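Asks: Pasting data_31.cif here (mmCIF, N, CA and C atoms):
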data_model
loop_
_atom_site.group_PDB
_atom_site.id
_atom_site.type_symbol
_atom_site.label_atom_id
_atom_site.label_comp_id
_atom_site.auth_asym_id
_atom_site.auth_seq_id
_atom_site.Cartn_x
_atom_site.Cartn_y
_atom_site.Cartn_z
ATOM 1 N N MET A 1 -26.516 -37.712 -16.371
ATOM 2 C CA MET A 1 -27.905 -37.380 -16.096
ATOM 3 C C MET A 1 -28.211 -36.016 -16.712
ATOM 4 N N ALA A 2 -29.336 -35.901 -17.343
ATOM 5 C CA ALA A 2 -29.739 -34.649 -17.981
ATOM 6 C C ALA A 2 -30.049 -33.590 -16.933
ATOM 7 N N LYS A 3 -29.651 -32.372 -17.224
ATOM 8 C CA LYS A 3 -29.920 -31.254 -16.319
ATOM 9 C C LYS A 3 -31.248 -30.637 -16.717
ATOM 10 N N THR A 4 -32.316 -31.030 -15.993
ATOM 11 C CA THR A 4 -33.645 -30.536 -16.350
ATOM 12 C C THR A 4 -34.303 -29.745 -15.230
ATOM 13 N N ALA A 5 -33.787 -29.818 -14.006
ATOM 14 C CA ALA A 5 -34.376 -29.064 -12.898
ATOM 15 C C ALA A 5 -33.977 -27.595 -13.024
ATOM 16 N N VAL A 6 -34.894 -26.712 -12.643
ATOM 17 C CA VAL A 6 -34.660 -25.279 -12.758
ATOM 18 C C VAL A 6 -34.682 -24.658 -11.366
ATOM 19 N N ILE A 7 -33.709 -23.784 -11.102
ATOM 20 C CA ILE A 7 -33.665 -23.016 -9.858
ATOM 21 C C ILE A 7 -33.721 -21.546 -10.247
ATOM 22 N N ASN A 8 -34.678 -20.808 -9.702
ATOM 23 C CA ASN A 8 -34.766 -19.368 -9.931
ATOM 24 C C ASN A 8 -34.257 -18.655 -8.685
ATOM 25 N N VAL A 9 -33.377 -17.701 -8.878
ATOM 26 C CA VAL A 9 -32.787 -16.959 -7.767
ATOM 27 C C VAL A 9 -32.950 -15.473 -8.031
ATOM 28 N N ARG A 10 -33.395 -14.734 -7.038
ATOM 29 C CA ARG A 10 -33.483 -13.274 -7.164
ATOM 30 C C ARG A 10 -32.288 -12.670 -6.435
ATOM 31 N N THR A 11 -31.649 -11.714 -7.087
ATOM 32 C CA THR A 11 -30.512 -11.023 -6.497
ATOM 33 C C THR A 11 -30.465 -9.612 -7.043
ATOM 34 N N GLU A 12 -29.630 -8.794 -6.477
ATOM 35 C CA GLU A 12 -29.485 -7.421 -6.948
ATOM 36 C C GLU A 12 -28.765 -7.428 -8.297
ATOM 37 N N PRO A 13 -29.141 -6.527 -9.205
ATOM 38 C CA PRO A 13 -28.494 -6.492 -10.518
ATOM 39 C C PRO A 13 -26.977 -6.359 -10.435
ATOM 40 N N ARG A 14 -26.484 -5.541 -9.524
ATOM 41 C CA ARG A 14 -25.031 -5.353 -9.384
ATOM 42 C C ARG A 14 -24.357 -6.663 -8.988
ATOM 43 N N THR A 15 -24.971 -7.402 -8.069
ATOM 44 C CA THR A 15 -24.423 -8.682 -7.640
ATOM 45 C C THR A 15 -24.356 -9.644 -8.816
ATOM 46 N N LYS A 16 -25.425 -9.692 -9.584
ATOM 47 C CA LYS A 16 -25.472 -10.574 -10.756
ATOM 48 C C LYS A 16 -24.384 -10.205 -11.748
ATOM 49 N N ASP A 17 -24.264 -8.915 -12.056
ATOM 50 C CA ASP A 17 -23.272 -8.460 -13.024
ATOM 51 C C ASP A 17 -21.848 -8.777 -12.570
ATOM 52 N N GLU A 18 -21.553 -8.494 -11.303
ATOM 53 C CA GLU A 18 -20.209 -8.756 -10.781
ATOM 54 C C GLU A 18 -19.904 -10.245 -10.777
ATOM 55 N N ALA A 19 -20.897 -11.068 -10.422
ATOM 56 C CA ALA A 19 -20.702 -12.517 -10.417
ATOM 57 C C ALA A 19 -20.470 -13.031 -11.835
ATOM 58 N N GLU A 20 -21.256 -12.532 -12.797
ATOM 59 C CA GLU A 20 -21.075 -12.950 -14.188
ATOM 60 C C GLU A 20 -19.677 -12.603 -14.687
ATOM 61 N N GLN A 21 -19.206 -11.413 -14.348
ATOM 62 C CA GLN A 21 -17.865 -10.999 -14.776
ATOM 63 C C GLN A 21 -16.792 -11.883 -14.136
ATOM 64 N N LEU A 22 -16.937 -12.137 -12.855
ATOM 65 C CA LEU A 22 -15.978 -12.988 -12.152
ATOM 66 C C LEU A 22 -15.953 -14.389 -12.746
ATOM 67 N N PHE A 23 -17.119 -15.006 -12.863
ATOM 68 C CA PHE A 23 -17.178 -16.371 -13.370
ATOM 69 C C PHE A 23 -16.695 -16.448 -14.814
ATOM 70 N N SER A 24 -16.956 -15.420 -15.594
ATOM 71 C CA SER A 24 -16.475 -15.385 -16.972
ATOM 72 C C SER A 24 -14.945 -15.424 -16.996
ATOM 73 N N ARG A 25 -14.317 -14.644 -16.110
ATOM 74 C CA ARG A 25 -12.852 -14.659 -16.028
ATOM 75 C C ARG A 25 -12.338 -16.039 -15.613
ATOM 76 N N LEU A 26 -13.149 -16.779 -14.875
ATOM 77 C CA LEU A 26 -12.779 -18.121 -14.429
ATOM 78 C C LEU A 26 -13.180 -19.193 -15.430
ATOM 79 N N GLY A 27 -13.810 -18.779 -16.522
ATOM 80 C CA GLY A 27 -14.230 -19.722 -17.552
ATOM 81 C C GLY A 27 -15.512 -20.459 -17.211
ATOM 82 N N LEU A 28 -16.354 -19.856 -16.373
ATOM 83 C CA LEU A 28 -17.602 -20.480 -15.942
ATOM 84 C C LEU A 28 -18.789 -19.586 -16.258
ATOM 85 N N THR A 29 -19.942 -20.205 -16.368
ATOM 86 C CA THR A 29 -21.195 -19.452 -16.396
ATOM 87 C C THR A 29 -21.723 -19.413 -14.961
ATOM 88 N N VAL A 30 -22.709 -18.571 -14.721
ATOM 89 C CA VAL A 30 -23.328 -18.539 -13.391
ATOM 90 C C VAL A 30 -23.961 -19.892 -13.085
ATOM 91 N N ALA A 31 -24.611 -20.494 -14.074
ATOM 92 C CA ALA A 31 -25.236 -21.808 -13.867
ATOM 93 C C ALA A 31 -24.201 -22.854 -13.469
ATOM 94 N N GLU A 32 -23.033 -22.842 -14.118
ATOM 95 C CA GLU A 32 -21.973 -23.791 -13.762
ATOM 96 C C GLU A 32 -21.459 -23.535 -12.354
ATOM 97 N N ALA A 33 -21.330 -22.253 -11.980
ATOM 98 C CA ALA A 33 -20.874 -21.918 -10.636
ATOM 99 C C ALA A 33 -21.882 -22.377 -9.578
ATOM 100 N N VAL A 34 -23.162 -22.193 -9.856
ATOM 101 C CA VAL A 34 -24.201 -22.650 -8.931
ATOM 102 C C VAL A 34 -24.158 -24.167 -8.807
ATOM 103 N N ASN A 35 -23.982 -24.864 -9.927
ATOM 104 C CA ASN A 35 -23.878 -26.320 -9.877
ATOM 105 C C ASN A 35 -22.666 -26.762 -9.066
ATOM 106 N N LEU A 36 -21.534 -26.071 -9.214
ATOM 107 C CA LEU A 36 -20.355 -26.385 -8.396
ATOM 108 C C LEU A 36 -20.674 -26.215 -6.913
ATOM 109 N N PHE A 37 -21.345 -25.098 -6.586
ATOM 110 C CA PHE A 37 -21.730 -24.850 -5.198
ATOM 111 C C PHE A 37 -22.608 -25.990 -4.670
ATOM 112 N N LEU A 38 -23.621 -26.374 -5.439
ATOM 113 C CA LEU A 38 -24.540 -27.432 -5.002
ATOM 114 C C LEU A 38 -23.811 -28.758 -4.796
ATOM 115 N N HIS A 39 -22.936 -29.103 -5.728
ATOM 116 C CA HIS A 39 -22.191 -30.361 -5.593
ATOM 117 C C HIS A 39 -21.259 -30.335 -4.377
ATOM 118 N N GLN A 40 -20.606 -29.209 -4.151
ATOM 119 C CA GLN A 40 -19.724 -29.097 -2.983
ATOM 120 C C GLN A 40 -20.531 -29.153 -1.682
ATOM 121 N N ALA A 41 -21.705 -28.549 -1.679
ATOM 122 C CA ALA A 41 -22.555 -28.605 -0.482
ATOM 123 C C ALA A 41 -22.936 -30.051 -0.180
ATOM 124 N N ILE A 42 -23.255 -30.804 -1.222
ATOM 125 C CA ILE A 42 -23.611 -32.217 -1.027
ATOM 126 C C ILE A 42 -22.404 -33.002 -0.531
ATOM 127 N N LEU A 43 -21.241 -32.781 -1.154
ATOM 128 C CA LEU A 43 -20.032 -33.519 -0.768
ATOM 129 C C LEU A 43 -19.608 -33.223 0.664
ATOM 130 N N THR A 44 -19.721 -31.956 1.076
ATOM 131 C CA THR A 44 -19.280 -31.567 2.421
ATOM 132 C C THR A 44 -20.396 -31.659 3.452
ATOM 133 N N ARG A 45 -21.619 -31.932 2.967
ATOM 134 C CA ARG A 45 -22.799 -32.015 3.831
ATOM 135 C C ARG A 45 -22.982 -30.721 4.633
ATOM 136 N N GLY A 46 -22.791 -29.613 3.937
ATOM 137 C CA GLY A 46 -22.942 -28.302 4.553
ATOM 138 C C GLY A 46 -22.615 -27.214 3.554
ATOM 139 N N VAL A 47 -22.604 -25.996 4.011
ATOM 140 C CA VAL A 47 -22.212 -24.873 3.159
ATOM 141 C C VAL A 47 -20.707 -24.990 2.947
ATOM 142 N N PRO A 48 -20.238 -24.984 1.690
ATOM 143 C CA PRO A 48 -18.825 -25.264 1.427
ATOM 144 C C PRO A 48 -17.862 -24.093 1.645
ATOM 145 N N PHE A 49 -18.218 -23.191 2.518
ATOM 146 C CA PHE A 49 -17.317 -22.100 2.887
ATOM 147 C C PHE A 49 -17.766 -21.574 4.243
ATOM 148 N N ALA A 50 -16.847 -20.891 4.913
ATOM 149 C CA ALA A 50 -17.168 -20.341 6.229
ATOM 150 C C ALA A 50 -18.141 -19.171 6.085
ATOM 151 N N ILE A 51 -19.080 -19.098 6.995
ATOM 152 C CA ILE A 51 -20.015 -17.976 7.033
ATOM 153 C C ILE A 51 -19.697 -17.196 8.308
ATOM 154 N N SER A 52 -19.319 -15.938 8.137
ATOM 155 C CA SER A 52 -18.938 -15.130 9.282
ATOM 156 C C SER A 52 -19.242 -13.668 8.996
ATOM 157 N N GLU A 53 -19.061 -12.847 9.984
ATOM 158 C CA GLU A 53 -19.243 -11.414 9.786
ATOM 159 C C GLU A 53 -18.123 -10.905 8.888
ATOM 160 N N PRO A 54 -18.390 -9.892 8.070
ATOM 161 C CA PRO A 54 -17.340 -9.382 7.189
ATOM 162 C C PRO A 54 -16.206 -8.743 7.977
ATOM 163 N N ALA A 55 -14.984 -8.895 7.467
ATOM 164 C CA ALA A 55 -13.820 -8.296 8.111
ATOM 165 C C ALA A 55 -13.877 -6.778 8.033
ATOM 166 N N MET A 56 -14.443 -6.258 6.928
ATOM 167 C CA MET A 56 -14.543 -4.815 6.753
ATOM 168 C C MET A 56 -15.924 -4.360 7.209
ATOM 169 N N PRO A 57 -15.983 -3.456 8.177
ATOM 170 C CA PRO A 57 -17.286 -3.006 8.679
ATOM 171 C C PRO A 57 -17.955 -2.021 7.716
ATOM 172 N N TYR A 58 -19.228 -1.758 8.010
ATOM 173 C CA TYR A 58 -19.903 -0.677 7.307
ATOM 174 C C TYR A 58 -19.174 0.604 7.654
ATOM 175 N N VAL A 59 -19.062 1.494 6.692
ATOM 176 C CA VAL A 59 -18.429 2.781 6.936
ATOM 177 C C VAL A 59 -19.492 3.849 6.812
ATOM 178 N N SER A 60 -19.707 4.570 7.877
ATOM 179 C CA SER A 60 -20.646 5.675 7.847
ATOM 180 C C SER A 60 -19.858 6.954 7.633
ATOM 181 N N MET A 61 -20.279 7.740 6.676
ATOM 182 C CA MET A 61 -19.608 9.011 6.435
ATOM 183 C C MET A 61 -20.051 10.039 7.479
ATOM 184 N N ASN A 62 -20.973 9.647 8.364
ATOM 185 C CA ASN A 62 -21.504 10.576 9.356
ATOM 186 C C ASN A 62 -21.025 10.267 10.766
ATOM 187 N N ASP A 63 -20.049 9.380 10.920
ATOM 188 C CA ASP A 63 -19.628 9.019 12.273
ATOM 189 C C ASP A 63 -18.300 9.649 12.658
ATOM 190 N N GLY A 64 -17.876 10.655 11.914
ATOM 191 C CA GLY A 64 -16.638 11.339 12.246
ATOM 192 C C GLY A 64 -15.403 10.481 12.002
ATOM 193 N N GLY A 65 -15.520 9.467 11.168
ATOM 194 C CA GLY A 65 -14.378 8.617 10.861
ATOM 195 C C GLY A 65 -14.125 7.510 11.857
ATOM 196 N N GLU A 66 -15.077 7.258 12.756
ATOM 197 C CA GLU A 66 -14.871 6.250 13.806
ATOM 198 C C GLU A 66 -14.633 4.856 13.225
ATOM 199 N N THR A 67 -15.406 4.453 12.223
ATOM 200 C CA THR A 67 -15.199 3.109 11.674
ATOM 201 C C THR A 67 -13.861 3.014 10.954
ATOM 202 N N LEU A 68 -13.418 4.089 10.317
ATOM 203 C CA LEU A 68 -12.105 4.077 9.687
ATOM 204 C C LEU A 68 -11.022 3.964 10.759
ATOM 205 N N ARG A 69 -11.175 4.688 11.859
ATOM 206 C CA ARG A 69 -10.195 4.588 12.953
ATOM 207 C C ARG A 69 -10.120 3.159 13.483
ATOM 208 N N LYS A 70 -11.280 2.496 13.595
ATOM 209 C CA LYS A 70 -11.295 1.106 14.062
ATOM 210 C C LYS A 70 -10.584 0.188 13.077
ATOM 211 N N ALA A 71 -10.782 0.428 11.775
ATOM 212 C CA ALA A 71 -10.111 -0.385 10.767
ATOM 213 C C ALA A 71 -8.600 -0.187 10.828
ATOM 214 N N VAL A 72 -8.172 1.057 11.012
ATOM 215 C CA VAL A 72 -6.740 1.343 11.136
ATOM 216 C C VAL A 72 -6.175 0.661 12.378
ATOM 217 N N GLU A 73 -6.889 0.738 13.480
ATOM 218 C CA GLU A 73 -6.446 0.093 14.715
ATOM 219 C C GLU A 73 -6.350 -1.422 14.528
ATOM 220 N N ALA A 74 -7.324 -2.008 13.864
ATOM 221 C CA ALA A 74 -7.295 -3.448 13.609
ATOM 222 C C ALA A 74 -6.077 -3.804 12.766
ATOM 223 N N TYR A 75 -5.795 -2.988 11.753
ATOM 224 C CA TYR A 75 -4.636 -3.225 10.896
ATOM 225 C C TYR A 75 -3.344 -3.159 11.709
ATOM 226 N N ARG A 76 -3.228 -2.139 12.530
ATOM 227 C CA ARG A 76 -2.010 -1.972 13.339
ATOM 228 C C ARG A 76 -1.843 -3.099 14.345
ATOM 229 N N ASN A 77 -2.956 -3.671 14.798
ATOM 230 C CA ASN A 77 -2.893 -4.777 15.755
ATOM 231 C C ASN A 77 -2.740 -6.127 15.066
ATOM 232 N N GLY A 78 -2.616 -6.111 13.744
ATOM 233 C CA GLY A 78 -2.360 -7.341 13.012
ATOM 234 C C GLY A 78 -3.567 -8.229 12.779
ATOM 235 N N VAL A 79 -4.761 -7.645 12.739
ATOM 236 C CA VAL A 79 -5.947 -8.444 12.455
ATOM 237 C C VAL A 79 -5.834 -8.954 11.025
ATOM 238 N N PRO A 80 -5.912 -10.281 10.822
ATOM 239 C CA PRO A 80 -5.759 -10.811 9.462
ATOM 240 C C PRO A 80 -6.849 -10.313 8.526
ATOM 241 N N GLY A 81 -6.467 -10.089 7.297
ATOM 242 C CA GLY A 81 -7.437 -9.708 6.279
ATOM 243 C C GLY A 81 -7.683 -8.213 6.172
ATOM 244 N N VAL A 82 -7.033 -7.412 7.016
ATOM 245 C CA VAL A 82 -7.222 -5.964 6.949
ATOM 246 C C VAL A 82 -6.038 -5.368 6.204
ATOM 247 N N ASP A 83 -6.296 -4.777 5.067
ATOM 248 C CA ASP A 83 -5.280 -4.208 4.192
ATOM 249 C C ASP A 83 -5.588 -2.719 4.057
ATOM 250 N N MET A 84 -4.652 -1.863 4.457
ATOM 251 C CA MET A 84 -4.917 -0.429 4.457
ATOM 252 C C MET A 84 -5.184 0.111 3.053
ATOM 253 N N ALA A 85 -4.512 -0.422 2.047
ATOM 254 C CA ALA A 85 -4.780 0.040 0.683
ATOM 255 C C ALA A 85 -6.224 -0.285 0.302
ATOM 256 N N GLU A 86 -6.670 -1.474 0.699
ATOM 257 C CA GLU A 86 -8.059 -1.867 0.414
ATOM 258 C C GLU A 86 -9.029 -0.998 1.221
ATOM 259 N N CYS A 87 -8.684 -0.703 2.479
ATOM 260 C CA CYS A 87 -9.532 0.183 3.294
ATOM 261 C C CYS A 87 -9.692 1.539 2.611
ATOM 262 N N ARG A 88 -8.583 2.112 2.146
ATOM 263 C CA ARG A 88 -8.628 3.428 1.504
ATOM 264 C C ARG A 88 -9.460 3.366 0.224
ATOM 265 N N LYS A 89 -9.248 2.316 -0.572
ATOM 266 C CA LYS A 89 -9.998 2.156 -1.826
ATOM 267 C C LYS A 89 -11.496 2.070 -1.536
ATOM 268 N N ARG A 90 -11.866 1.284 -0.531
ATOM 269 C CA ARG A 90 -13.282 1.121 -0.203
ATOM 270 C C ARG A 90 -13.870 2.401 0.364
ATOM 271 N N LEU A 91 -13.097 3.110 1.176
ATOM 272 C CA LEU A 91 -13.585 4.368 1.732
ATOM 273 C C LEU A 91 -13.817 5.384 0.615
ATOM 274 N N ASP A 92 -12.872 5.467 -0.322
ATOM 275 C CA ASP A 92 -13.033 6.392 -1.452
ATOM 276 C C ASP A 92 -14.266 6.033 -2.278
ATOM 277 N N ALA A 93 -14.480 4.728 -2.495
ATOM 278 C CA ALA A 93 -15.657 4.292 -3.250
ATOM 279 C C ALA A 93 -16.934 4.640 -2.497
ATOM 280 N N ALA A 94 -16.918 4.471 -1.153
ATOM 281 C CA ALA A 94 -18.086 4.808 -0.346
ATOM 282 C C ALA A 94 -18.386 6.297 -0.414
ATOM 283 N N LYS A 95 -17.339 7.114 -0.363
ATOM 284 C CA LYS A 95 -17.520 8.561 -0.473
ATOM 285 C C LYS A 95 -18.158 8.917 -1.808
ATOM 286 N N ALA A 96 -17.705 8.256 -2.870
ATOM 287 C CA ALA A 96 -18.239 8.534 -4.198
ATOM 288 C C ALA A 96 -19.714 8.152 -4.301
ATOM 289 N N ARG A 97 -20.117 7.101 -3.560
ATOM 290 C CA ARG A 97 -21.520 6.664 -3.606
ATOM 291 C C ARG A 97 -22.413 7.484 -2.681
ATOM 292 N N GLY A 98 -21.839 8.130 -1.681
ATOM 293 C CA GLY A 98 -22.638 8.939 -0.760
ATOM 294 C C GLY A 98 -22.558 8.434 0.665
ATOM 295 N N ALA A 99 -23.141 9.190 1.571
ATOM 296 C CA ALA A 99 -23.089 8.886 3.003
ATOM 297 C C ALA A 99 -23.714 7.547 3.314
ATOM 298 N N ASN A 100 -23.197 6.907 4.365
ATOM 299 C CA ASN A 100 -23.699 5.634 4.888
ATOM 300 C C ASN A 100 -23.650 4.504 3.870
ATOM 301 N N ALA A 101 -22.685 4.551 2.982
ATOM 302 C CA ALA A 101 -22.533 3.481 1.987
ATOM 303 C C ALA A 101 -21.751 2.342 2.598
ATOM 304 N N ARG A 102 -22.023 1.140 2.124
ATOM 305 C CA ARG A 102 -21.277 -0.014 2.597
ATOM 306 C C ARG A 102 -20.035 -0.157 1.735
ATOM 307 N N VAL A 103 -18.917 -0.416 2.382
ATOM 308 C CA VAL A 103 -17.662 -0.603 1.631
ATOM 309 C C VAL A 103 -17.422 -2.062 1.391
#
Would you encode the structure as structure tokens?

Replies:
Amino acid sequence: MAKTAVINVRTEPRTKDEAEQLFSRLGLTVAEAVNLFLHQAILTRGVPFAISEPAMPYVSMNDGGETLRKAVEAYRNGVPGVDMAECRKRLDAAKARGANARV
């Protein structure tokens, strides 16, 4: 069947750029990735991935390190998906972007 329907999506430029880079490494275009998503949604009769709150919280540079302390505590308690190297990398990136940045 010919692909003639058009879907327009608005997103942040950074999101678009990062997605294009990722899909390029995977050998896909954004359009192909969107088509994969649509086909999987139809096959599974739902969103083809879990939707949940992010494992990494927002980090406020103005909270005295409270969110970082919580992340460290979660790591020490064995919360899956919490990696201290990733926490440090994200915190450093947030510091570079400025206060109240999302990691």

Asks: On this structure, the PyMOL selection byres (((chain A and resi 30-43 and name CA) around 12) and name CA) would catch which residues? List them as a count of residues only, sorted by chain and number.

Replies: 28

Asks: Mind pulling up the distance from atom C of Leu91 of chain A to atom C of Glu73 of chain A?

Replies: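 Separation between atom C of Glu73 of chain A and atom C of Leu91 of chain A: 17.2 Å.
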
Asks: Measure the distance from atom N of Glu86 of chain A to atom CA of Val72 of chain A in Å and round it to one decimal.

Replies: 10.8 Å

Asks: Quick one: pull the distance between atom C of Arg76 of chain A and atom CA of Ala94 of chain A, Å, one decimal.

Replies: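 Taking atom C of Arg76 of chain A as the start and atom CA of Ala94 of chain A as the end point, the length is 23.3 Å.
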